[in-house]
$ cat data15.csv   # CSV, C-alpha atoms
chain,number,residue,atom,x,y,z
A,4,MET,CA,139.1,74.6,50.4
A,5,SER,CA,135.7,76.3,50.5
A,6,SER,CA,135.0,79.8,51.9
A,7,ARG,CA,131.7,80.9,53.3
A,8,PRO,CA,130.2,84.1,51.8
A,9,THR,CA,128.2,86.7,53.5
A,10,PHE,CA,124.4,86.3,53.3
A,11,ARG,CA,124.2,89.5,51.2
A,12,ALA,CA,126.7,88.2,48.7
A,13,ALA,CA,124.9,84.9,48.5
A,14,LEU,CA,121.6,86.7,47.8
A,15,GLY,CA,123.2,88.6,45.0
A,16,PHE,CA,124.5,85.3,43.5
A,17,TRP,CA,121.1,83.5,43.7
A,18,HIS,CA,119.4,86.5,42.2
A,19,TRP,CA,121.9,86.5,39.3
A,20,LEU,CA,121.5,82.8,38.8
A,21,GLY,CA,117.8,83.0,38.6
A,22,TRP,CA,118.0,85.4,35.6
A,23,LEU,CA,120.7,83.4,33.7
A,24,SER,CA,119.8,79.8,34.4
A,25,PHE,CA,118.9,78.8,30.8
A,26,GLY,CA,119.6,75.5,29.2
A,27,GLY,CA,117.4,73.1,31.3
A,28,SER,CA,118.5,71.3,34.5
A,29,ALA,CA,121.8,70.1,33.0
A,30,GLY,CA,122.8,73.6,32.0
A,31,GLN,CA,121.6,75.1,35.4
A,32,ILE,CA,123.5,72.5,37.4
A,33,ALA,CA,126.7,73.0,35.3
A,34,LEU,CA,126.4,76.7,35.9
A,35,MET,CA,126.1,76.3,39.6
A,36,HIS,CA,129.1,73.9,39.7
A,37,ARG,CA,131.2,76.3,37.8
A,38,GLU,CA,130.3,79.3,39.9
A,39,LEU,CA,130.0,77.7,43.4
A,40,VAL,CA,132.7,75.0,43.3
A,41,ASP,CA,135.3,76.1,40.7
A,42,ARG,CA,135.1,79.9,40.7
A,43,ARG,CA,133.9,81.2,44.0
A,44,ARG,CA,134.8,78.1,46.1
A,45,TRP,CA,131.8,78.5,48.4
A,46,VAL,CA,131.1,74.7,48.2
A,47,ASP,CA,133.4,71.8,47.9
A,48,GLU,CA,133.1,69.1,45.2
A,49,ALA,CA,132.0,66.3,47.5
A,50,THR,CA,129.2,68.4,49.0
A,51,PHE,CA,128.0,69.5,45.6
A,52,LEU,CA,127.9,66.0,44.1
A,53,HIS,CA,126.3,64.3,47.1
A,54,GLY,CA,123.6,67.1,47.2
A,55,LEU,CA,123.0,66.5,43.5
A,56,ASN,CA,122.6,62.8,43.9
A,57,TYR,CA,120.1,63.3,46.7
A,58,CYS,CA,118.1,65.8,44.6
A,59,MET,CA,118.0,63.4,41.7
A,60,LEU,CA,116.1,61.0,44.0
A,61,LEU,CA,113.3,63.5,44.6
A,62,PRO,CA,110.2,64.5,42.7
A,63,GLY,CA,110.4,68.1,41.5
A,64,PRO,CA,113.0,70.3,39.7
A,65,GLU,CA,116.4,69.0,40.8
A,66,ALA,CA,118.3,72.2,39.9
A,67,MET,CA,116.0,74.3,42.1
A,68,GLN,CA,116.2,71.8,44.9
A,69,LEU,CA,120.0,71.7,44.6
A,70,ALA,CA,120.1,75.5,44.9
A,71,THR,CA,117.9,75.2,48.0
A,72,LEU,CA,120.1,72.6,49.6
A,73,LEU,CA,123.3,74.6,48.9
A,74,GLY,CA,121.7,77.7,50.2
A,75,TRP,CA,120.9,75.8,53.4
A,76,ARG,CA,124.6,74.6,53.6
A,77,LEU,CA,125.8,78.2,53.4
A,78,HIS,CA,123.3,80.1,55.6
A,79,GLY,CA,120.8,77.7,57.1
A,80,LEU,CA,117.1,78.0,56.8
A,81,ARG,CA,117.0,81.6,55.5
A,82,GLY,CA,119.7,80.7,52.9
A,83,GLY,CA,117.7,77.7,51.6
A,84,LEU,CA,114.5,79.6,51.3
A,85,ALA,CA,116.2,82.5,49.6
A,86,ALA,CA,118.1,80.3,47.1
A,87,GLY,CA,115.1,78.3,46.1
A,88,ALA,CA,112.8,81.3,45.8
A,89,LEU,CA,115.2,83.4,43.8
A,90,PHE,CA,116.0,80.5,41.5
A,91,VAL,CA,112.4,80.4,40.2
A,92,LEU,CA,111.2,84.0,40.7
A,93,PRO,CA,112.5,85.5,37.4
A,94,SER,CA,111.0,82.7,35.3
A,95,VAL,CA,107.7,83.1,37.2
A,96,VAL,CA,107.5,86.8,36.4
A,97,LEU,CA,108.7,86.4,32.7
A,98,LEU,CA,106.3,83.6,32.0
A,99,ALA,CA,103.3,85.4,33.5
A,100,LEU,CA,104.1,88.3,31.1
A,101,LEU,CA,104.5,86.0,28.1
A,102,SER,CA,101.3,84.2,28.9
A,103,TRP,CA,99.3,87.4,29.0
A,104,LEU,CA,100.8,88.5,25.7
A,105,TYR,CA,100.0,85.2,24.2
A,106,LEU,CA,96.3,85.3,25.3
A,107,ARG,CA,96.0,89.0,24.4
A,108,PHE,CA,97.6,88.9,20.9
A,109,GLY,CA,97.7,85.2,20.0
A,110,GLN,CA,94.9,85.5,17.5
A,111,VAL,CA,96.6,88.2,15.4
A,112,PRO,CA,97.6,86.3,12.2
A,113,ALA,CA,101.3,87.2,12.4
A,114,VAL,CA,101.5,86.2,16.0
A,115,ALA,CA,99.6,83.0,15.4
A,116,ALA,CA,102.0,82.1,12.6
A,117,ALA,CA,105.0,82.8,14.9
A,118,LEU,CA,103.4,80.6,17.6
A,119,ALA,CA,103.0,77.8,15.0
A,120,GLY,CA,106.7,78.0,14.3
A,121,ILE,CA,107.4,77.7,18.1
A,122,GLN,CA,105.2,74.7,18.3
A,123,ALA,CA,107.1,73.0,15.5
A,124,ALA,CA,110.4,73.8,17.3
A,125,VAL,CA,109.0,72.3,20.5
A,126,LEU,CA,108.3,69.0,18.8
A,127,ALA,CA,112.0,68.9,17.7
A,128,ILE,CA,113.0,69.9,21.3
A,129,VAL,CA,111.1,67.0,22.8
A,130,LEU,CA,112.5,64.5,20.2
A,131,HIS,CA,116.0,65.9,20.9
A,132,ALA,CA,115.5,65.3,24.7
A,133,LEU,CA,114.2,61.8,24.0
A,134,VAL,CA,117.3,60.9,22.0
A,135,GLY,CA,119.7,62.4,24.5
A,136,ILE,CA,118.2,60.7,27.5
A,137,ALA,CA,117.8,57.4,25.7
A,138,ARG,CA,121.6,57.4,24.9
A,139,LYS,CA,122.4,58.0,28.5
A,140,VAL,CA,120.0,55.5,30.0
A,141,LEU,CA,119.2,52.6,27.7
A,142,HIS,CA,122.4,50.6,28.0
A,143,ALA,CA,120.9,47.3,29.2
A,144,ARG,CA,118.0,45.0,28.1
A,145,TRP,CA,116.1,45.7,31.3
A,146,ALA,CA,116.2,49.4,30.6
A,147,TRP,CA,114.7,48.9,27.1
A,148,VAL,CA,112.0,46.7,28.6
A,149,LEU,CA,111.0,49.3,31.1
A,150,ALA,CA,111.0,52.1,28.5
A,151,ILE,CA,108.8,50.2,26.1
A,152,ALA,CA,106.5,49.1,28.9
A,153,ALA,CA,106.2,52.7,30.1
A,154,PHE,CA,105.4,53.9,26.6
A,155,ALA,CA,102.7,51.2,26.1
A,156,ALA,CA,101.2,51.9,29.5
A,157,LEU,CA,100.9,55.6,28.9
A,158,PHE,CA,100.2,55.9,25.2
A,159,LEU,CA,98.2,52.7,24.5
A,160,LEU,CA,96.7,51.7,27.8
A,161,ARG,CA,96.3,55.2,29.1
A,162,TRP,CA,97.5,54.2,32.6
A,163,PRO,CA,97.9,57.1,35.1
A,164,PHE,CA,101.5,58.4,35.2
A,165,PRO,CA,101.9,58.1,39.0
A,166,LEU,CA,101.1,54.4,38.7
A,167,VAL,CA,103.8,54.0,35.9
A,168,VAL,CA,106.4,55.9,38.1
A,169,LEU,CA,105.6,53.6,41.1
A,170,GLY,CA,105.8,50.5,39.0
A,171,ALA,CA,109.1,51.5,37.4
A,172,GLY,CA,110.6,52.4,40.8
A,173,MET,CA,109.6,49.0,42.2
A,174,ALA,CA,110.9,47.2,39.2
A,175,GLY,CA,114.2,49.1,39.3
A,176,ALA,CA,114.7,48.4,43.1
A,177,TRP,CA,114.0,44.6,42.4
A,178,LEU,CA,116.0,44.2,39.2
A,179,LEU,CA,119.0,46.1,40.4
A,180,ARG,CA,119.0,44.9,44.0
A,181,GLU,CA,122.5,44.5,45.5
A,182,PRO,CA,123.8,43.0,48.7
A,183,ALA,CA,123.9,45.5,51.5
A,184,PRO,CA,127.3,47.0,51.9
A,185,GLU,CA,129.2,47.0,55.2
A,186,ARG,CA,127.6,49.7,57.3
A,187,ILE,CA,129.8,52.7,57.9
A,188,ALA,CA,128.7,55.0,60.6
A,189,ALA,CA,128.0,58.5,59.3
A,190,PRO,CA,130.0,61.3,60.8
A,191,SER,CA,128.3,62.5,64.0
A,192,ARG,CA,127.3,66.1,64.3
A,193,PRO,CA,126.3,67.8,67.5
A,194,THR,CA,123.1,69.1,65.9
A,195,GLN,CA,121.8,65.7,64.8
A,196,GLY,CA,120.3,64.8,68.1
A,197,GLY,CA,116.8,65.0,69.5
A,198,VAL,CA,116.8,68.8,69.4
A,199,GLN,CA,117.5,68.8,65.7
A,200,MET,CA,114.9,66.1,65.0
A,201,ARG,CA,112.3,68.2,66.8
A,202,ARG,CA,113.3,71.3,64.8
A,203,SER,CA,113.0,69.3,61.5
A,204,LEU,CA,109.6,68.0,62.4
A,205,TRP,CA,108.4,71.5,63.3
A,206,LEU,CA,109.8,72.8,60.0
A,207,ALA,CA,108.2,70.0,58.1
A,208,ALA,CA,104.8,70.7,59.7
A,209,ALA,CA,105.2,74.5,59.0
A,210,LEU,CA,106.0,73.9,55.3
A,211,LEU,CA,103.1,71.4,55.0
A,212,LEU,CA,100.7,74.0,56.4
A,213,ALA,CA,102.2,76.6,54.2
A,214,TRP,CA,101.6,74.3,51.2
A,215,TRP,CA,97.9,73.5,52.0
A,216,LEU,CA,96.4,76.4,53.9
A,217,PRO,CA,96.3,78.8,50.9
A,218,LEU,CA,94.8,76.0,48.8
A,219,LEU,CA,92.2,75.2,51.3
A,220,GLY,CA,91.5,79.0,51.6
A,221,VAL,CA,90.8,79.1,47.9
A,222,ARG,CA,88.4,76.1,48.3
A,223,LEU,CA,86.5,77.9,51.0
A,224,ALA,CA,86.4,81.2,49.1
A,225,LEU,CA,85.5,79.9,45.6
A,226,GLY,CA,84.0,76.5,46.2
A,227,ALA,CA,85.0,72.9,45.6
A,228,ASP,CA,83.9,73.1,41.9
A,229,SER,CA,86.2,76.1,41.1
A,230,THR,CA,88.9,76.0,38.6
A,231,ALA,CA,91.5,77.3,41.1
A,232,TRP,CA,90.8,74.6,43.6
A,233,ALA,CA,90.9,71.9,41.0
A,234,MET,CA,94.3,73.2,39.9
A,235,GLY,CA,95.6,73.4,43.4
A,236,LEU,CA,94.6,69.8,44.0
A,237,PHE,CA,95.9,68.5,40.7
A,238,PHE,CA,99.3,70.2,40.7
A,239,SER,CA,99.9,69.2,44.3
A,240,LYS,CA,99.5,65.6,43.2
A,241,ALA,CA,101.7,66.3,40.1
A,242,ALA,CA,104.4,67.7,42.4
A,243,LEU,CA,104.8,64.3,44.0
A,244,VAL,CA,105.4,62.4,40.7
A,245,THR,CA,107.8,64.7,38.8
A,246,LEU,CA,110.6,62.2,39.0
A,247,GLY,CA,112.9,62.2,36.0
A,248,GLY,CA,112.5,65.9,35.1
A,249,ALA,CA,109.8,68.0,33.5
A,250,TYR,CA,109.5,65.9,30.3
A,251,ALA,CA,108.6,62.9,32.4
A,252,VAL,CA,105.5,64.5,33.9
A,253,LEU,CA,104.3,66.4,30.9
A,254,PRO,CA,102.4,63.4,29.4
A,255,TYR,CA,100.4,63.2,32.7
A,256,VAL,CA,99.8,67.0,32.8
A,257,ALA,CA,98.9,67.1,29.1
A,258,GLN,CA,96.4,64.3,29.4
A,259,GLN,CA,94.7,65.7,32.5
A,260,ALA,CA,94.8,69.4,31.7
A,261,VAL,CA,93.9,69.1,28.0
A,262,GLU,CA,91.7,66.0,27.8
A,263,VAL,CA,90.1,65.6,31.2
A,264,GLN,CA,90.0,69.1,32.7
A,265,GLN,CA,90.0,71.0,29.4
A,266,TRP,CA,91.8,74.0,30.8
A,267,LEU,CA,93.6,74.5,27.5
A,268,SER,CA,94.1,72.9,24.1
A,269,ALA,CA,97.0,70.7,22.9
A,270,GLU,CA,98.2,73.5,20.7
A,271,GLN,CA,98.3,75.9,23.6
A,272,MET,CA,100.2,73.3,25.7
A,273,LEU,CA,102.8,73.2,22.9
A,274,THR,CA,103.0,77.0,22.9
A,275,GLY,CA,103.5,77.1,26.6
A,276,LEU,CA,106.3,74.6,26.5
A,277,GLY,CA,108.0,76.7,23.8
A,278,LEU,CA,107.6,79.9,26.0
A,279,ALA,CA,109.0,78.0,29.0
A,280,GLU,CA,112.0,76.8,27.0
A,281,SER,CA,112.7,80.5,26.2
A,282,THR,CA,112.8,81.7,29.9
A,283,PRO,CA,115.4,81.0,32.6
A,284,GLY,CA,114.6,78.7,35.4
A,285,PRO,CA,113.3,75.1,35.5
A,286,LEU,CA,111.4,73.8,32.6
A,287,ILE,CA,108.6,72.6,34.9
A,288,ILE,CA,107.6,76.3,35.0
A,289,VAL,CA,105.5,75.4,32.0
A,290,LEU,CA,102.9,74.4,34.5
A,291,GLU,CA,102.5,78.1,35.4
A,292,PHE,CA,101.4,78.7,31.8
A,293,VAL,CA,98.8,75.9,32.2
A,294,GLY,CA,97.5,77.6,35.3
A,295,PHE,CA,97.4,81.0,33.7
A,296,VAL,CA,95.6,79.9,30.5
A,297,GLY,CA,93.2,77.6,32.4
A,298,GLY,CA,92.3,80.5,34.8
A,299,TRP,CA,91.8,82.8,31.8
A,300,GLN,CA,89.6,80.4,29.8
A,301,ARG,CA,87.6,79.0,32.8
A,302,PRO,CA,87.5,82.0,35.2
A,303,ASP,CA,86.4,81.9,38.8
A,304,MET,CA,86.3,85.7,39.1
A,305,ALA,CA,84.8,88.6,37.1
A,306,SER,CA,88.1,89.4,35.5
A,307,PRO,CA,89.8,86.8,33.3
A,308,LEU,CA,93.1,88.4,34.1
A,309,ALA,CA,92.6,88.1,37.8
A,310,SER,CA,91.5,84.5,37.4
A,311,ALA,CA,94.5,83.8,35.2
A,312,LEU,CA,96.9,85.3,37.8
A,313,LEU,CA,95.2,83.3,40.6
A,314,GLY,CA,95.5,80.1,38.5
A,315,ALA,CA,99.2,80.8,37.8
A,316,GLY,CA,99.9,81.7,41.4
A,317,ILE,CA,98.2,78.5,42.7
A,318,THR,CA,100.1,76.4,40.2
A,319,VAL,CA,103.5,77.8,41.0
A,320,TRP,CA,102.7,77.4,44.8
A,321,ALA,CA,101.6,73.8,44.5
A,322,THR,CA,104.5,72.9,42.1
A,323,PHE,CA,107.5,74.5,43.9
A,324,LEU,CA,106.6,74.7,47.6
A,325,PRO,CA,106.8,70.9,48.1
A,326,SER,CA,110.5,71.1,47.0
A,327,PHE,CA,111.3,73.1,50.2
A,328,LEU,CA,109.5,70.4,52.2
A,329,PHE,CA,111.6,67.6,50.6
A,330,ILE,CA,114.9,69.5,51.1
A,331,LEU,CA,115.0,71.7,54.2
A,332,PRO,CA,113.7,69.4,57.0
A,333,ALA,CA,115.9,66.5,55.8
A,334,ALA,CA,119.0,68.6,55.1
A,335,PRO,CA,120.9,67.7,58.3
A,336,TRP,CA,120.6,64.0,57.5
A,337,ILE,CA,121.2,63.9,53.8
A,338,GLU,CA,124.8,62.5,54.2
A,339,ARG,CA,123.4,59.3,55.7
A,340,LEU,CA,121.3,58.6,52.6
A,341,ARG,CA,124.4,57.3,50.8
A,342,GLU,CA,123.8,54.0,52.5
A,343,VAL,CA,120.2,53.6,51.1
A,344,ARG,CA,121.1,51.5,48.0
A,345,TRP,CA,117.6,50.7,46.9
A,346,LEU,CA,116.8,54.4,46.4
A,347,GLY,CA,119.4,54.7,43.6
A,348,ALA,CA,118.2,51.4,42.0
A,349,ALA,CA,114.6,52.7,42.1
A,350,LEU,CA,115.7,56.0,40.5
A,351,ARG,CA,117.5,54.1,37.6
A,352,GLY,CA,114.2,52.2,36.9
A,353,ILE,CA,112.2,55.4,36.9
A,354,THR,CA,114.8,57.1,34.6
A,355,ALA,CA,114.4,54.2,32.1
A,356,ALA,CA,110.6,54.5,32.2
A,357,VAL,CA,111.0,58.3,31.5
A,358,VAL,CA,112.3,57.5,28.1
A,359,GLY,CA,109.0,55.8,27.3
A,360,ALA,CA,107.1,58.7,28.8
A,361,ILE,CA,108.9,61.2,26.6
A,362,ALA,CA,108.3,59.1,23.5
A,363,SER,CA,104.5,59.0,24.3
A,364,LEU,CA,104.6,62.8,24.8
A,365,ALA,CA,106.4,63.3,21.4
A,366,LEU,CA,103.9,61.1,19.6
A,367,TRP,CA,100.9,62.8,21.3
A,368,PHE,CA,102.2,66.3,20.5
A,369,GLY,CA,102.9,65.4,16.9
A,370,TRP,CA,99.4,63.9,16.4
A,371,GLN,CA,97.7,66.9,18.0
A,372,MET,CA,99.6,69.3,15.7
A,373,LEU,CA,99.2,67.5,12.4
A,374,ARG,CA,95.8,65.6,12.5
A,375,ASP,CA,93.7,68.5,11.3
A,376,ALA,CA,96.3,70.5,9.4
A,377,ALA,CA,96.2,71.3,5.7
A,378,PRO,CA,98.9,69.7,3.5
A,379,LEU,CA,100.8,73.0,3.3
A,380,GLN,CA,100.7,73.4,7.1
A,381,VAL,CA,102.0,69.9,7.6
A,382,LEU,CA,104.9,70.6,5.2
A,383,ALA,CA,105.7,73.9,6.9
A,384,THR,CA,105.6,72.3,10.4
A,385,LEU,CA,107.8,69.4,9.4
A,386,SER,CA,110.3,71.7,7.7
A,387,ILE,CA,110.6,73.9,10.8
A,388,ALA,CA,110.8,70.9,13.1
A,389,GLY,CA,113.5,69.3,10.9
A,390,ALA,CA,115.6,72.5,10.8
A,391,ALA,CA,115.2,72.9,14.6
A,392,ALA,CA,116.3,69.3,15.1
A,393,VAL,CA,119.5,69.9,13.0
A,394,ALA,CA,120.2,73.1,14.9
A,395,LEU,CA,119.8,71.4,18.3
A,396,ARG,CA,122.1,68.6,17.2
A,397,ARG,CA,124.8,71.1,16.3
A,398,GLY,CA,124.7,72.6,19.7
A,399,ILE,CA,122.7,75.7,19.1
A,400,GLY,CA,120.9,76.9,22.3
A,401,VAL,CA,117.2,76.2,22.8
A,402,ALA,CA,116.2,79.8,23.3
A,403,ARG,CA,117.8,80.8,19.9
A,404,VAL,CA,116.2,77.8,18.2
A,405,VAL,CA,112.8,78.8,19.5
A,406,ALA,CA,113.3,82.5,18.5
A,407,VAL,CA,114.4,81.5,14.9
A,408,ALA,CA,111.5,79.1,14.6
A,409,ALA,CA,109.0,81.9,15.5
A,410,VAL,CA,110.5,84.1,12.8
A,411,ALA,CA,110.4,81.2,10.3
A,412,GLY,CA,106.7,80.6,11.1
A,413,GLY,CA,105.9,84.3,10.5
A,414,ALA,CA,107.9,84.3,7.3
A,415,LEU,CA,106.1,81.3,5.9
A,416,GLN,CA,102.7,82.8,6.7
A,417,TRP,CA,103.7,86.0,4.9
A,418,ALA,CA,105.0,84.0,1.9
A,419,VAL,CA,101.8,82.0,1.6
A,420,ALA,CA,99.6,85.1,2.0
A,421,ARG,CA,101.4,86.7,-1.0

$ encode --input "data15.csv" --output "structure tokens"
Amino acid sequence: MSSRPTFRAALGFWHWLGWLSFGGSAGQIALMHRELVDRRRWVDEATFLHGLNYCMLLPGPEAMQLATLLGWRLHGLRGGLAAGALFVLPSVVLLALLSWLYLRFGQVPAVAAALAGIQAAVLAIVLHALVGIARKVLHARWAWVLAIAAFAALFLLRWPFPLVVLGAGMAGAWLLREPAPERIAAPSRPTQGGVQMRRSLWLAAALLLAWWLPLLGVRLALGADSTAWAMGLFFSKAALVTLGGAYAVLPYVAQQAVEVQQWLSAEQMLTGLGLAESTPGPLIIVLEFVGFVGGWQRPDMASPLASALLGAGITVWATFLPSFLFILPAAPWIERLREVRWLGAALRGITAAVVGAIASLALWFGWQMLRDAAPLQVLATLSIAGAAAVALRRGIGVARVVAVAAVAGGALQWAVAR
């Protein structure tokens, strides 16, 4: 039996969750389940699980979207907006600070050595995620075929990631098609009539305007060739294809941000991923680092810091605001989506392709790290990555692994210098 909290109590919880939601989406969802379902009993099990299933079908960070949906369940529109915003706000603040520290002091030898250790740990983290997801997903021949095809399309053929996602979804919907079940009428609610439909359409229109008006304002103020406008446009497109979690879209982001737009280097991308792994909130917050570094290195304004903050702000806005658009207008009808069988099949196809996408990301990161490194650097990188992999396999937390890897990188640099 669930009990509804006051809005003030819910605000306190969402704020607390935003600062403690380490461990990636799985850890964040487990924490919400323990607190909201088991401990506080604000949400019942069926509501939580169905909300999770719906959020898994959407592009974007599913843990943040689940928090938004559950906030709506508790307190309507204001509850959903507060829950989603407070879930990501702490990580936005922390990563902006870490990004500035990195750009300000990253060239100091000791700091550079620590960052090299973080990059090695990130390689192990990506491989660990690859193995974990593959074990959960690749149980059938069709799943292996989709994973290998996605790897080849991304790494060898250099196909755009959105095209790979679309193809995998269509393949999954076709391969796993099932006969339509007997239709069961969804429980009727007095609010699900024409009035509610009009409200949802108005809300969707308002959120769509909130998404694009600031970006168009940047274009008018700084020009169509500005870094900030290019970021707003690119990360808005990326927000629509982040199915399967942050690791799935990172190959696409890395290819475009590093090789095409040249906002940052591959080494900087690795560092940003390590810093994002060390902060609470969704891992996709790494895109804020891309925006911050890209704004700093290709400024639109007189001050690199102002350009960096603008780039970070635009990236965060374009990445997370679409999640509110996907959740809040559709919230009153989410229960009815249980009948849409092909959506689940499409998601299973995309999830299989994600394994191939992560494999291409790991290989790309490894090549970028080691191709120009001296033999001693290669040995140090592989040693730290191997130790990090063992630690992760033994269940040691990601934040602790990243911190120890930073210390190890600094220690190795000191030992070599002596």

$ closest_residue --input "data15.csv" --among "A:Trp205, A:Leu23, A:Val244, A:Thr9" --to "Ile353 (chain A)" --atoms "all atoms listed in the file"
A:Val244

$ residues_around --input "data15.csv" --residues "Trp19 (chain A)" --least-positions-apart "5" --cutoff "12 Å" --atoms "all atoms listed in the file" --output "list in words"
Ala12, Ala13, Leu14, Ser24, Phe25, Leu34, Met35, Glu38, Ala86, Leu89, Phe90, Val91, Leu92, Pro93, Pro283 and Gly284 of chain A

$ residues_around --input "data15.csv" --residues "Ala388 (chain A)" --least-positions-apart "5" --cutoff "8 Å" --atoms "all atoms listed in the file" --output "count of residues only"
5

$ residues_around --input "data15.csv" --residues "Thr274 (chain A)" --least-positions-apart "3" --cutoff "10 Å" --atoms "only C-alpha atoms" --output "list in words"
Ser102, Tyr105, Leu118, Ala119, Gly120, Ile121, Gln122, Ala123, Ala124, Val125, Ser268, Ala269, Glu270, Gln271, Gly277, Leu278, Ala279, Glu280, Val289 and Phe292 of chain A

$ write_last_selection --input "data15.csv" --atoms "C-alpha atoms" --output "PDB file, in the coordinates of the input"
ATOM      1  CA  SER A 102     101.300  84.200  28.900  1.00  0.00           C
ATOM      2  CA  TYR A 105     100.000  85.200  24.200  1.00  0.00           C
ATOM      3  CA  LEU A 118     103.400  80.600  17.600  1.00  0.00           C
ATOM      4  CA  ALA A 119     103.000  77.800  15.000  1.00  0.00           C
ATOM      5  CA  GLY A 120     106.700  78.000  14.300  1.00  0.00           C
ATOM      6  CA  ILE A 121     107.400  77.700  18.100  1.00  0.00           C
ATOM      7  CA  GLN A 122     105.200  74.700  18.300  1.00  0.00           C
ATOM      8  CA  ALA A 123     107.100  73.000  15.500  1.00  0.00           C
ATOM      9  CA  ALA A 124     110.400  73.800  17.300  1.00  0.00           C
ATOM     10  CA  VAL A 125     109.000  72.300  20.500  1.00  0.00           C
ATOM     11  CA  SER A 268      94.100  72.900  24.100  1.00  0.00           C
ATOM     12  CA  ALA A 269      97.000  70.700  22.900  1.00  0.00           C
ATOM     13  CA  GLU A 270      98.200  73.500  20.700  1.00  0.00           C
ATOM     14  CA  GLN A 271      98.300  75.900  23.600  1.00  0.00           C
ATOM     15  CA  GLY A 277     108.000  76.700  23.800  1.00  0.00           C
ATOM     16  CA  LEU A 278     107.600  79.900  26.000  1.00  0.00           C
ATOM     17  CA  ALA A 279     109.000  78.000  29.000  1.00  0.00           C
ATOM     18  CA  GLU A 280     112.000  76.800  27.000  1.00  0.00           C
ATOM     19  CA  VAL A 289     105.500  75.400  32.000  1.00  0.00           C
ATOM     20  CA  PHE A 292     101.400  78.700  31.800  1.00  0.00           C
TER      21      PHE A 292
END

$ closest_residue --input "data15.csv" --among "A:Leu328, A:Leu313, A:Ala113, A:Val95" --to "Ala209 (chain A)" --atoms "only C-alpha atoms"
A:Leu328

$ residues_around --input "data15.csv" --residues "Gly63 (chain A)" --least-positions-apart "6" --cutoff "10 Å" --atoms "all atoms listed in the file" --output "list in words"
Ala241, Ala242, Leu243, Val244, Thr245, Leu246, Gly247, Gly248, Ala249, Val252, Pro285, Ile287, Thr322, Phe323, Leu324, Pro325, Ser326 and Phe329 of chain A

$ write_last_selection --input "data15.csv" --atoms "C-alpha atoms" --output "PDB file, in the coordinates of the input"
ATOM      1  CA  ALA A 241     101.700  66.300  40.100  1.00  0.00           C
ATOM      2  CA  ALA A 242     104.400  67.700  42.400  1.00  0.00           C
ATOM      3  CA  LEU A 243     104.800  64.300  44.000  1.00  0.00           C
ATOM      4  CA  VAL A 244     105.400  62.400  40.700  1.00  0.00           C
ATOM      5  CA  THR A 245     107.800  64.700  38.800  1.00  0.00           C
ATOM      6  CA  LEU A 246     110.600  62.200  39.000  1.00  0.00           C
ATOM      7  CA  GLY A 247     112.900  62.200  36.000  1.00  0.00           C
ATOM      8  CA  GLY A 248     112.500  65.900  35.100  1.00  0.00           C
ATOM      9  CA  ALA A 249     109.800  68.000  33.500  1.00  0.00           C
ATOM     10  CA  VAL A 252     105.500  64.500  33.900  1.00  0.00           C
ATOM     11  CA  PRO A 285     113.300  75.100  35.500  1.00  0.00           C
ATOM     12  CA  ILE A 287     108.600  72.600  34.900  1.00  0.00           C
ATOM     13  CA  THR A 322     104.500  72.900  42.100  1.00  0.00           C
ATOM     14  CA  PHE A 323     107.500  74.500  43.900  1.00  0.00           C
ATOM     15  CA  LEU A 324     106.600  74.700  47.600  1.00  0.00           C
ATOM     16  CA  PRO A 325     106.800  70.900  48.100  1.00  0.00           C
ATOM     17  CA  SER A 326     110.500  71.100  47.000  1.00  0.00           C
ATOM     18  CA  PHE A 329     111.600  67.600  50.600  1.00  0.00           C
TER      19      PHE A 329
END

$ closest_residue --input "data15.csv" --among "A:Leu166, A:Val114, A:Met234, A:Ala349" --to "Gly294 (chain A)" --atoms "only C-alpha atoms"
A:Met234

$ closest_residue --input "data15.csv" --among "A:Ser363, A:Ser94, A:Gln380, A:Thr354" --to "Pro62 (chain A)" --atoms "all atoms listed in the file"
A:Thr354

$ decode --input "data15.csv" --residues "region 351-357 of chain A" --atoms "N, CA and C atoms" --output "tab-separated table (two decimals), in the first residue's frame"
chain	number	residue	atom	x	y	z
A	351	ARG	N	14.66	-4.76	-27.96
A	351	ARG	CA	15.57	-5.90	-27.83
A	351	ARG	C	16.57	-5.94	-28.99
A	352	GLY	N	16.12	-5.58	-30.18
A	352	GLY	CA	17.04	-5.51	-31.31
A	352	GLY	C	18.08	-4.41	-31.12
A	353	ILE	N	17.64	-3.25	-30.64
A	353	ILE	CA	18.57	-2.15	-30.40
A	353	ILE	C	19.56	-2.51	-29.31
A	354	THR	N	19.09	-3.18	-28.25
A	354	THR	CA	19.97	-3.56	-27.16
A	354	THR	C	21.06	-4.51	-27.64
A	355	ALA	N	20.72	-5.43	-28.54
A	355	ALA	CA	21.74	-6.32	-29.10
A	355	ALA	C	22.77	-5.53	-29.90
A	356	ALA	N	22.31	-4.56	-30.68
A	356	ALA	CA	23.23	-3.75	-31.47
A	356	ALA	C	24.12	-2.89	-30.58
A	357	VAL	N	23.63	-2.54	-29.39
A	357	VAL	CA	24.42	-1.74	-28.46
A	357	VAL	C	25.71	-2.46	-28.08
